[in-house]
Structures are given as structure tokens and as C-alpha cells.
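Q: Next comes target.csv, CSV, C-alpha atoms:
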chain,number,residue,atom,x,y,z
A,1096,MET,CA,20.9,-27.4,-28.8
A,1097,PRO,CA,22.5,-24.0,-28.1
A,1098,ALA,CA,26.1,-23.7,-27.0
A,1099,ASN,CA,26.8,-23.8,-23.3
A,1100,ALA,CA,23.3,-25.1,-22.6
A,1101,SER,CA,22.8,-26.3,-19.0
A,1102,PRO,CA,21.8,-29.9,-18.3
A,1103,GLU,CA,18.4,-28.5,-17.1
A,1104,PHE,CA,17.8,-26.8,-20.4
A,1105,SER,CA,18.8,-29.9,-22.4
A,1106,HIS,CA,16.4,-32.0,-20.2
A,1107,ALA,CA,13.6,-29.5,-20.8
A,1108,GLU,CA,14.3,-29.5,-24.6
A,1109,LEU,CA,14.1,-33.3,-24.6
A,1110,LYS,CA,10.8,-33.2,-22.8
A,1111,PHE,CA,9.5,-30.7,-25.4
A,1112,ASP,CA,10.5,-33.0,-28.2
A,1113,LYS,CA,8.8,-36.0,-26.6
A,1114,ALA,CA,5.6,-34.1,-25.5
A,1115,GLN,CA,2.3,-35.6,-26.6
A,1116,SER,CA,0.1,-32.6,-25.9
A,1117,ASP,CA,0.1,-28.8,-26.0
A,1118,GLU,CA,-0.1,-28.8,-22.2
A,1119,GLU,CA,3.1,-30.9,-22.0
A,1120,ARG,CA,4.8,-28.7,-24.6
A,1121,LEU,CA,3.8,-25.5,-22.6
A,1122,ALA,CA,5.3,-27.0,-19.4
A,1123,ALA,CA,8.5,-27.9,-21.2
A,1124,LEU,CA,8.7,-24.5,-22.9
A,1125,GLU,CA,8.3,-22.8,-19.5
A,1126,GLU,CA,11.2,-24.8,-18.1
A,1127,MET,CA,13.3,-24.0,-21.2
A,1128,VAL,CA,12.6,-20.2,-20.7
A,1129,ARG,CA,13.6,-20.5,-17.1
A,1130,THR,CA,16.9,-22.4,-17.7
A,1131,MET,CA,17.9,-21.0,-21.1
A,1132,PRO,CA,21.5,-19.6,-21.6
A,1133,GLN,CA,21.9,-16.0,-20.6
A,1134,HIS,CA,25.0,-15.1,-22.7
A,1135,LYS,CA,24.7,-12.5,-25.4
A,1136,SER,CA,25.0,-15.0,-28.3
A,1137,ALA,CA,21.7,-16.6,-27.1
A,1138,GLU,CA,19.6,-13.4,-27.4
A,1139,SER,CA,17.9,-14.7,-30.5
A,1140,LEU,CA,17.1,-18.0,-28.8
A,1141,ARG,CA,15.6,-16.3,-25.8
A,1142,SER,CA,13.4,-14.1,-27.9
A,1143,ASN,CA,12.3,-17.1,-30.0
A,1144,LEU,CA,11.5,-19.2,-26.9
A,1145,ARG,CA,9.5,-16.4,-25.2
A,1146,THR,CA,7.5,-15.9,-28.4
A,1147,ARG,CA,6.7,-19.6,-28.8
A,1148,TYR,CA,5.7,-19.8,-25.1
A,1149,LYS,CA,3.4,-16.8,-25.4
A,1150,LYS,CA,1.7,-18.1,-28.5
A,1151,LEU,CA,1.2,-21.6,-27.2
A,1152,LYS,CA,-0.2,-20.2,-23.9
A,1153,GLU,CA,-2.7,-18.0,-25.8
A,1154,LYS,CA,-3.7,-21.0,-27.9
A,1155,LEU,CA,-4.5,-23.0,-24.8
A,1156,GLU,CA,-6.5,-20.2,-23.3
A,1157,THR,CA,-8.5,-19.7,-26.5
A,1158,ARG,CA,-9.2,-23.4,-26.7
A,1159,GLY,CA,-10.4,-23.3,-23.1
A,1160,LYS,CA,-12.9,-20.5,-23.9
A,1161,LYS,CA,-14.2,-22.3,-26.9
A,1162,SER,CA,-14.7,-25.5,-25.0
A,1163,GLY,CA,-17.2,-23.7,-22.7
A,1164,SER,CA,-15.0,-22.4,-19.8
A,1165,GLY,CA,-15.9,-18.9,-20.8
A,1166,ASN,CA,-13.9,-15.7,-20.1
A,1167,ARG,CA,-11.8,-15.6,-17.1
A,1168,PRO,CA,-13.9,-14.4,-14.1
A,1169,THR,CA,-13.1,-11.0,-12.6
A,1170,ILE,CA,-11.5,-11.3,-9.2
A,1171,LYS,CA,-13.0,-8.8,-6.8
A,1172,LYS,CA,-10.3,-7.3,-4.6
A,1173,GLU,CA,-11.1,-7.6,-0.9
A,1174,SER,CA,-9.9,-5.3,1.9
A,1175,MET,CA,-6.7,-7.3,2.2
A,1176,GLN,CA,-5.3,-9.1,-0.9
A,1177,ALA,CA,-2.2,-11.2,-1.0
A,1178,VAL,CA,-0.8,-12.9,-4.1
A,1179,LEU,CA,1.3,-16.1,-4.3
A,1180,ILE,CA,3.8,-16.0,-7.1
A,1181,GLY,CA,7.0,-18.0,-7.9
A,1182,PHE,CA,8.7,-20.4,-10.2
A,1183,PRO,CA,7.4,-23.9,-11.0
A,1184,ASN,CA,7.8,-26.7,-8.5
A,1185,VAL,CA,8.7,-24.6,-5.5
A,1186,GLY,CA,5.8,-25.6,-3.4
A,1187,LYS,CA,3.5,-22.7,-4.2
A,1188,SER,CA,0.3,-24.6,-4.5
A,1189,SER,CA,1.1,-26.7,-1.4
A,1190,LEU,CA,1.6,-23.5,0.6
A,1191,PHE,CA,-1.7,-22.1,-0.8
A,1192,GLU,CA,-3.4,-25.2,0.5
A,1193,ILE,CA,-1.8,-24.8,3.9
A,1194,LEU,CA,-2.5,-21.1,4.3
A,1195,THR,CA,-6.1,-21.4,3.2
A,1196,GLU,CA,-6.7,-24.7,5.0
A,1197,ASN,CA,-8.2,-26.0,1.8
A,1198,LYS,CA,-7.7,-29.7,1.3
A,1199,ASN,CA,-9.2,-29.7,-2.2
A,1200,THR,CA,-6.5,-27.6,-3.8
A,1201,SER,CA,-4.6,-29.6,-6.5
A,1202,SER,CA,-0.8,-29.6,-6.5
A,1203,SER,CA,1.3,-31.3,-9.1
A,1204,PRO,CA,5.0,-32.1,-9.7
A,1205,VAL,CA,4.6,-31.0,-13.3
A,1206,ALA,CA,5.8,-27.5,-14.1
A,1207,PHE,CA,3.1,-24.9,-14.7
A,1208,SER,CA,0.3,-27.0,-13.2
A,1209,THR,CA,-1.5,-23.7,-12.2
A,1210,TYR,CA,-2.8,-22.1,-15.4
A,1211,GLU,CA,-5.4,-19.7,-14.0
A,1212,PRO,CA,-5.5,-17.7,-10.8
A,1213,ILE,CA,-7.0,-19.6,-7.8
A,1214,VAL,CA,-8.7,-17.6,-5.1
A,1215,GLY,CA,-8.9,-18.6,-1.4
A,1216,MET,CA,-9.0,-17.0,2.0
A,1217,ILE,CA,-6.5,-17.1,4.8
A,1218,PRO,CA,-8.2,-17.3,8.2
A,1219,TYR,CA,-6.3,-15.2,10.7
A,1220,ASP,CA,-7.5,-14.2,14.2
A,1221,ASP,CA,-10.9,-12.6,13.5
A,1222,VAL,CA,-10.4,-11.7,9.8
A,1223,LYS,CA,-9.9,-13.4,6.4
A,1224,ILE,CA,-7.2,-12.4,3.9
A,1225,GLN,CA,-7.8,-12.9,0.2
A,1226,LEU,CA,-5.1,-15.1,-1.3
A,1227,ILE,CA,-4.6,-15.6,-5.0
A,1228,ASP,CA,-2.4,-18.4,-6.3
A,1229,MET,CA,-1.0,-17.1,-9.7
A,1230,PRO,CA,0.5,-19.1,-12.5
A,1231,PRO,CA,4.3,-19.5,-12.2
A,1232,PHE,CA,6.8,-17.1,-13.7
A,1233,PRO,CA,6.9,-16.0,-16.5
A,1234,ASN,CA,3.3,-14.7,-16.0
A,1235,GLU,CA,2.0,-12.6,-18.9
A,1236,ASP,CA,-1.0,-11.3,-16.8
A,1237,LYS,CA,0.6,-8.7,-14.5
A,1238,SER,CA,-2.6,-6.8,-13.6
A,1239,ILE,CA,-3.3,-8.7,-10.4
A,1240,VAL,CA,0.4,-8.9,-9.4
A,1241,ASN,CA,1.1,-5.2,-9.9
A,1242,THR,CA,-2.0,-4.0,-7.9
A,1243,ALA,CA,-1.9,-6.5,-5.0
A,1244,ASP,CA,-1.4,-5.2,-1.5
A,1245,THR,CA,1.1,-8.0,-0.6
A,1246,LEU,CA,3.2,-10.3,-2.7
A,1247,ILE,CA,4.3,-13.7,-1.3
A,1248,ILE,CA,7.1,-14.9,-3.5
A,1249,ILE,CA,7.9,-18.6,-3.2
A,1250,ILE,CA,11.5,-19.8,-3.8
A,1251,ASN,CA,13.5,-22.9,-3.1
A,1252,GLN,CA,16.9,-21.5,-4.2
A,1253,LEU,CA,18.3,-18.1,-3.2
A,1254,SER,CA,19.4,-17.5,-6.8
A,1255,GLN,CA,15.7,-17.2,-7.6
A,1256,ILE,CA,15.5,-13.9,-5.7
A,1257,GLU,CA,17.3,-12.0,-8.4
A,1258,GLU,CA,15.4,-13.7,-11.1
A,1259,ALA,CA,12.0,-13.0,-9.4
A,1260,GLU,CA,12.9,-9.3,-9.1
A,1261,LYS,CA,13.1,-9.1,-12.9
A,1262,HIS,CA,9.4,-9.9,-13.0
A,1263,LEU,CA,8.4,-7.4,-10.3
A,1264,GLN,CA,9.3,-4.1,-11.8
A,1265,ARG,CA,6.0,-2.2,-11.4
A,1266,ILE,CA,4.5,-3.6,-8.2
A,1267,ILE,CA,3.1,-1.4,-5.4
A,1268,GLY,CA,2.6,-4.0,-2.7
A,1269,LYS,CA,5.0,-5.2,0.0
A,1270,LYS,CA,7.1,-8.3,-0.6
A,1271,ILE,CA,7.6,-11.4,1.5
A,1272,TYR,CA,10.0,-14.1,0.2
A,1273,ILE,CA,9.3,-17.6,1.6
A,1274,PHE,CA,12.0,-20.3,1.1
A,1275,THR,CA,10.1,-23.6,1.0
A,1276,LYS,CA,11.1,-27.2,1.0
A,1277,SER,CA,13.6,-26.6,3.8
A,1278,ASP,CA,12.7,-30.1,5.0
A,1279,LEU,CA,15.0,-31.4,2.3
A,1280,LEU,CA,18.0,-29.7,4.1
A,1281,ASN,CA,19.9,-31.0,7.0
A,1282,GLU,CA,20.5,-28.9,10.1
A,1283,GLN,CA,23.9,-27.7,8.9
A,1284,GLU,CA,22.5,-26.7,5.5
A,1285,LYS,CA,19.6,-24.8,7.3
A,1286,ARG,CA,22.0,-22.9,9.5
A,1287,LYS,CA,24.1,-21.9,6.4
A,1288,LEU,CA,21.0,-20.9,4.5
A,1289,ASP,CA,19.8,-18.7,7.4
A,1290,ALA,CA,23.3,-17.1,7.7
A,1291,THR,CA,23.4,-16.3,4.0
A,1292,ILE,CA,20.0,-14.7,4.0
A,1293,LYS,CA,20.9,-12.5,7.0
A,1294,SER,CA,24.2,-11.4,5.4
A,1295,LYS,CA,23.6,-11.3,1.6
A,1296,TYR,CA,19.8,-10.6,1.6
A,1297,LYS,CA,19.4,-8.6,4.8
A,1298,LYS,CA,17.3,-6.0,3.0
A,1299,ILE,CA,14.8,-8.6,1.9
A,1300,ASP,CA,12.1,-10.0,4.1
A,1301,CYS,CA,12.7,-13.8,3.7
A,1302,THR,CA,11.3,-16.5,5.8
A,1303,ILE,CA,12.3,-20.2,5.8
A,1304,PHE,CA,9.2,-22.5,6.0
A,1305,SER,CA,8.7,-26.2,5.4
A,1306,ASN,CA,5.4,-27.2,3.8
A,1307,LYS,CA,5.8,-30.7,5.3
A,1308,GLU,CA,7.4,-30.1,8.7
A,1309,HIS,CA,5.8,-26.9,9.8
A,1310,VAL,CA,4.1,-26.8,13.2
A,1311,LYS,CA,1.0,-24.8,14.2
A,1312,THR,CA,2.9,-22.0,15.9
A,1313,GLU,CA,5.1,-21.5,12.8
A,1314,LEU,CA,2.0,-21.4,10.6
A,1315,GLN,CA,0.4,-18.8,12.8
A,1316,ASP,CA,3.6,-16.7,12.8
A,1317,LEU,CA,3.6,-16.8,9.0
A,1318,LYS,CA,-0.1,-15.7,8.9
A,1319,ARG,CA,0.7,-12.9,11.3
A,1320,LYS,CA,3.6,-11.8,9.2
A,1321,ILE,CA,1.3,-11.6,6.2
A,1322,PHE,CA,-1.4,-9.8,8.1
A,1323,GLU,CA,1.1,-7.2,9.4
A,1324,THR,CA,2.0,-6.1,5.8
A,1325,PHE,CA,-1.4,-4.5,5.4
A,1326,PRO,CA,-1.8,-0.9,6.5
A,1327,ILE,CA,-5.2,-1.5,8.2
A,1328,ILE,CA,-6.8,-1.6,11.6
A,1329,ARG,CA,-9.7,-3.7,12.9
A,1330,ILE,CA,-12.5,-1.8,14.6
A,1331,TYR,CA,-15.4,-3.4,16.4
A,1332,THR,CA,-18.8,-1.6,16.9
A,1333,LYS,CA,-21.4,-2.0,19.6
A,1334,GLU,CA,-24.8,-0.6,20.5
A,1335,PRO,CA,-25.4,1.1,23.8
A,1336,LYS,CA,-25.8,-1.5,26.7
A,1337,LYS,CA,-25.0,-4.4,24.3
A,1338,GLU,CA,-21.9,-6.4,23.6
A,1339,SER,CA,-19.7,-5.9,20.5
A,1340,THR,CA,-20.7,-7.6,17.3
A,1341,GLY,CA,-17.3,-9.5,17.4
A,1342,ILE,CA,-17.0,-8.9,13.6
A,1343,PRO,CA,-14.4,-6.2,12.9
A,1344,MET,CA,-14.7,-3.5,10.2
A,1345,ILE,CA,-11.5,-3.0,8.2
A,1346,LEU,CA,-10.2,0.5,7.9
A,1347,LYS,CA,-7.0,2.2,6.9
A,1348,GLN,CA,-4.4,3.1,9.5
A,1349,GLY,CA,-5.0,6.7,10.6
A,1350,SER,CA,-8.8,6.4,10.5
A,1351,THR,CA,-11.0,8.4,12.9
A,1352,ALA,CA,-14.3,7.8,14.7
A,1353,LYS,CA,-15.9,9.9,12.0
A,1354,ASP,CA,-14.6,7.5,9.3
A,1355,VAL,CA,-16.2,4.6,11.1
A,1356,ALA,CA,-19.6,6.3,11.2
A,1357,GLU,CA,-19.4,7.2,7.5
A,1358,LYS,CA,-18.5,3.7,6.6
A,1359,ILE,CA,-21.5,2.4,8.5
A,1360,ILE,CA,-23.9,4.8,6.8
A,1361,LYS,CA,-23.0,7.8,4.7
A,1362,GLY,CA,-24.0,11.0,6.5
A,1363,MET,CA,-24.2,9.3,9.9
A,1364,ALA,CA,-21.4,11.3,11.4
A,1365,SER,CA,-23.5,14.5,11.4
A,1366,LYS,CA,-26.2,12.7,13.5
A,1367,ILE,CA,-23.9,11.4,16.3
A,1368,LYS,CA,-24.3,13.0,19.8
A,1369,LYS,CA,-21.8,10.8,21.7
A,1370,THR,CA,-19.0,8.5,20.9
A,1371,LYS,CA,-17.4,6.1,23.3
A,1372,ILE,CA,-14.2,4.1,22.9
A,1373,TRP,CA,-12.8,0.9,24.4
A,1374,GLY,CA,-9.4,-0.5,23.5
A,1375,PRO,CA,-5.8,0.5,22.7
A,1376,SER,CA,-6.6,4.1,21.8
A,1377,SER,CA,-8.7,4.9,24.9
A,1378,LYS,CA,-7.3,6.3,28.1
A,1379,PHE,CA,-9.9,4.3,30.1
A,1380,PRO,CA,-12.8,2.0,29.1
A,1381,GLY,CA,-15.7,3.9,27.7
A,1382,GLN,CA,-13.8,7.1,27.1
A,1383,MET,CA,-15.9,9.9,25.4
A,1384,VAL,CA,-14.1,11.1,22.3
A,1385,GLY,CA,-14.7,13.5,19.4
A,1386,PRO,CA,-15.2,12.6,15.7
A,1387,GLY,CA,-11.5,13.3,15.0
A,1388,HIS,CA,-10.2,10.7,17.5
A,1389,LEU,CA,-7.5,8.5,15.9
A,1390,LEU,CA,-8.3,4.8,16.3
A,1391,LYS,CA,-6.0,1.9,16.8
A,1392,ASP,CA,-6.2,-1.7,15.9
A,1393,LYS,CA,-8.8,-3.7,17.9
A,1394,ASP,CA,-10.6,-0.6,19.3
A,1395,THR,CA,-14.3,-0.9,20.0
A,1396,ILE,CA,-16.6,2.1,19.3
A,1397,GLU,CA,-20.1,3.0,20.3
A,1398,PHE,CA,-22.2,5.7,18.8
A,1399,GLN,CA,-25.2,7.4,20.3
A,1400,THR,CA,-27.5,9.4,18.0
A,1401,GLY,CA,-30.3,10.1,20.4
As C-alpha cells - that is how I would like this structure written.
A:
Amino acid sequence: MPANASPEFSHAELKFDKAQSDEERLAALEEMVRTMPQHKSAESLRSNLRTRYKKLKEKLETRGKKSGSGNRPTIKKESMQAVLIGFPNVGKSSLFEILTENKNTSSSPVAFSTYEPIVGMIPYDDVKIQLIDMPPFPNEDKSIVNTADTLIIIINQLSQIEEAEKHLQRIIGKKIYIFTKSDLLNEQEKRKLDATIKSKYKKIDCTIFSNKEHVKTELQDLKRKIFETFPIIRIYTKEPKKESTGIPMILKQGSTAKDVAEKIIKGMASKIKKTKIWGPSSKFPGQMVGPGHLLKDKDTIEFQTG
């Protein structure tokens, strides 16, 4: 046992010694890496633990491939992609289940119960947001995390914010921190937590959310917060004298009427004779606009080519 080891580290080390399988050893090693001493004299220990963790994880992944699971499937990135990340046992898988309204998602009190990315969809208003539940930190596969549009970082201790930032050095997406398991706090502790977030972490977007005690309006507010991180607009199309399809096209903010036409069929913009707009960007319903007209979220557009 290293000097100045925390009780959490000692407990994890004991679990590793008593582990009966590689899966249990990996879970214990993950906890040891998370709670290991940070002083300079423990540098060798930290390096050793990370190496052991990486090798054991690779061993389990190789074993899975040989047993018939095959290579990890490629995840196709949708128009809006959010990634759930965080430390073990913070309620990440439970939140994934709540956001995707998926009752078949497994959650476990055992650390590192998510070994592979799990893909689901968040239904919000008239769109769906791709949500990927990633294995907990430390996560060696950074490709999905670094390229995601939005990162939803799950924590249940404010100290995890600084630790999480160490794993998020090359990301391009926006970050939302969600403090879960607030149902374990009393009202006074919740007020203190909220005050600390507003004072010490005012530059960080952090929301307090209970996986057990949330109400429908809070869940809808959380989905809206996630949706608003994406720089997109929803555009509806309609044919002359007909109603809108009701299914929006997803385009980047700053898109024009011409961009919609080209997304429908390449080269269509040159064949359009008239364009009409209904919605936030129009001065009045059915306004005639040109191809360079800037669109806004929830506009409806009608093209006439004849």
C-alpha cells in the first residue's frame, strides 16, 4: 500500500486482491486509478496502474472479439450528436435511460459497467438527438468524445469538474455538466451546492438534476438545454396548396432558402421560380423571398419550379 493512500484507494486495492475475474479486476483498477495518491512520490505508482489498466482493458476487448462479438461497430454521426461521459457510479447510465426513454438500458452499481459505447436517441419536440453513453473515465478511445457536438459530463461531486477537465483537452463540442443524485441531499445541502456552483463555477454550465426525483417539466428543460447547444435550425417544407410535411430538415444556423433547395436535390436551386416563407423569418405569412433569404428556426418554405 502506498504512503498517504486514501481509504477509497485502499478499499479498491482490497477489491482487486479479492477479484475472481478479469472484469472485476478491471473495475477495481479503474477505481484505483481514480483514487490513487497525487503527490510526486507516487508518480511511479500512477504510471504502473495506468499501464496495468490499459493492458487489462485491451485483453478483455480482444477476448470479446475472439468470442464472436466482432469488431466494434462504427457509429454514424447524426445531425445532432451528444455524448454522455463521466466517472463510475455517478448515475450516467440511469440518465441515459431517462433521456432516451429506454427502459431496457442496463445500469449497475459496479464501477465501469459500461464497456462499449451505447447509442440511443433523445426525443425532443419534433426531432431526435443522437446520444452516446461512453465508458467512464479514464476512457482510452477519445475519437467520439473529441468530435462530438455536445458533451454531457455527469458528476456527483464538484471536485470531479477539475478532474474531468483533465480528460477533455482536445474537444470541439460544447459542455454541459450535470450534477446527479441530488435526491441524496437535503434542502440546505442543495441550496449550498447551488450557491457554490454559481460562485466558484460560474463560467461552467452546470445543472442539478435528480435521476430519481425529476419531474416532467425538469426533464423537458434539460432536453431543451441540450438541444440549444447545437448550432442548427429546423426547416419545414411544403408543396403548393398542401400542408407542411411536419418533419423538419436540419440545417446549420445561417442557412438560406438556396441551401434548403440544394439539400433536397442538388441543382434544384437553379430551377426554382418562386419561394415562399412562413414563420419567424417572414414579415407576413407566405412572403416571397429570394434564394439568399436567411432562415430561422421553425420556418416553413415552399418552392415553385413551374
Q: Would you pick out the contacts of segment 1261-1265 of chain A at 9 Å or less, using all atoms listed in the file, so that residues sharing its chain but fewer than 6 positions from it are not included, and give the list as number ranges by chain?
A: A: 1232-1234, 1237, 1240-1242
Q: Which is closer to Lys1320 of chain A than all the others in A:Ser1376, A:Val1214, A:Gly1381, A:Ala1177, using only C-alpha atoms?
A: A:Ala1177
Q: For Glu1338 of chain A, work out the shell of residues within 12 Å, counting all atoms listed in the file and skipping chain neighbours fewer than 6 positions away, then give it as number ranges by chain.
A: A: 1331-1332, 1373, 1395-1397
Q: For Phe1274 of chain A, which residue out of A:Thr1291, A:Ser1238, A:Gln1252, A:Gln1133 is the nearest one, using all atoms listed in the file?
A: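 Once distances to Phe1274 of chain A are computed over all atoms listed in the file, the minimum belongs to A:Gln1252.
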Q: Quick one: residues within 9 Å of Arg1120 of chain A, all atoms listed in the file counted, chain neighbours fewer than 6 positions away excluded, as a short mmCIF file (atom, residue, chain, number, x, y, z; two decimals) with C-alpha atoms, keeping the file's coordinate frame?
A:
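Contents of around12.cif, as written:
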data_model
loop_
_atom_site.label_atom_id
_atom_site.label_comp_id
_atom_site.auth_asym_id
_atom_site.auth_seq_id
_atom_site.Cartn_x
_atom_site.Cartn_y
_atom_site.Cartn_z
CA LYS A 1110 10.80 -33.20 -22.80
CA PHE A 1111 9.50 -30.70 -25.40
CA ASP A 1112 10.50 -33.00 -28.20
CA LYS A 1113 8.80 -36.00 -26.60
CA ALA A 1114 5.60 -34.10 -25.50
CA TYR A 1148 5.70 -19.80 -25.10
CA LEU A 1151 1.20 -21.60 -27.20
#
Q: Using all atoms listed in the file, pick whichever of A:Phe1325, A:Thr1157, A:Ser1277, A:Ser1254 has the shortest atom-to-atom distance to Ile1224 of chain A.
A: A:Phe1325
Q: Pick the closest to Asp1220 of chain A from A:Val1384, A:Ser1339, A:Lys1371, A:Gln1315: which is it, counting all atoms listed in the file?
A: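 Selected residue with least distance to Asp1220 of chain A: A:Gln1315.
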Q: Which neighbours of Gln1176 of chain A fall inside 12 Å, counting all atoms listed in the file, when residues of the same chain fewer than 6 positions from it are skipped, and could you give them as a list of chain:residue names?
A: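 Returned residues: A:Ile1170, A:Val1214, A:Gly1215, A:Met1216, A:Ile1217, A:Lys1223, A:Ile1224, A:Gln1225, A:Leu1226, A:Ile1227, A:Asp1228, A:Ile1239, A:Val1240, A:Asn1241, A:Thr1242, A:Ala1243, A:Asp1244, A:Thr1245, A:Leu1246, A:Ile1247, A:Gly1268, A:Lys1269, A:Ile1321, A:Phe1322, A:Thr1324, A:Phe1325, A:Pro1326, A:Ile1327.
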Q: Enter the distance from atom CA of Gln1348 of chain A to atom CA of Val1222 of chain A, in Å, rounded to one decimal.
A: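 Computing it gives 16.0 Å between the two atoms.
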Q: Which value, in Å to one decimal, gives the distance between atom CA of Thr1312 of chain A and atom CA of Leu1253 of chain A?
A: 24.8 Å
Q: Atom CA of Ile1359 of chain A to atom CA of Gly1401 of chain A: how many Å, to one decimal?
A: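 These atoms are spaced 16.7 Å apart.
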Q: Between A:Gly1387, A:Glu1260, A:Lys1358, A:His1106, which has the minimum distance to Met1344 of chain A (counting all atoms listed in the file)?
A: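 Closest residue, counting all atoms listed in the file: A:Lys1358.
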Q: When you count all atoms listed in the file, which of these residues is closest to Lys1337 of chain A: A:Phe1398, A:Tyr1219, A:Gln1255, A:Glu1119?
A: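 Ranking A:Phe1398, A:Tyr1219, A:Gln1255, A:Glu1119 by distance to Lys1337 of chain A, first place goes to A:Phe1398.
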Q: Could you please give me, as a ChimeraX atom specification, the residues of protein, DNA or RNA lying at most 8 Å from (11.5, -17.0, -18.8) in the coordinate frame of the file, considering only C-alpha atoms?
A: /A:1125-1131,1145,1232-1233
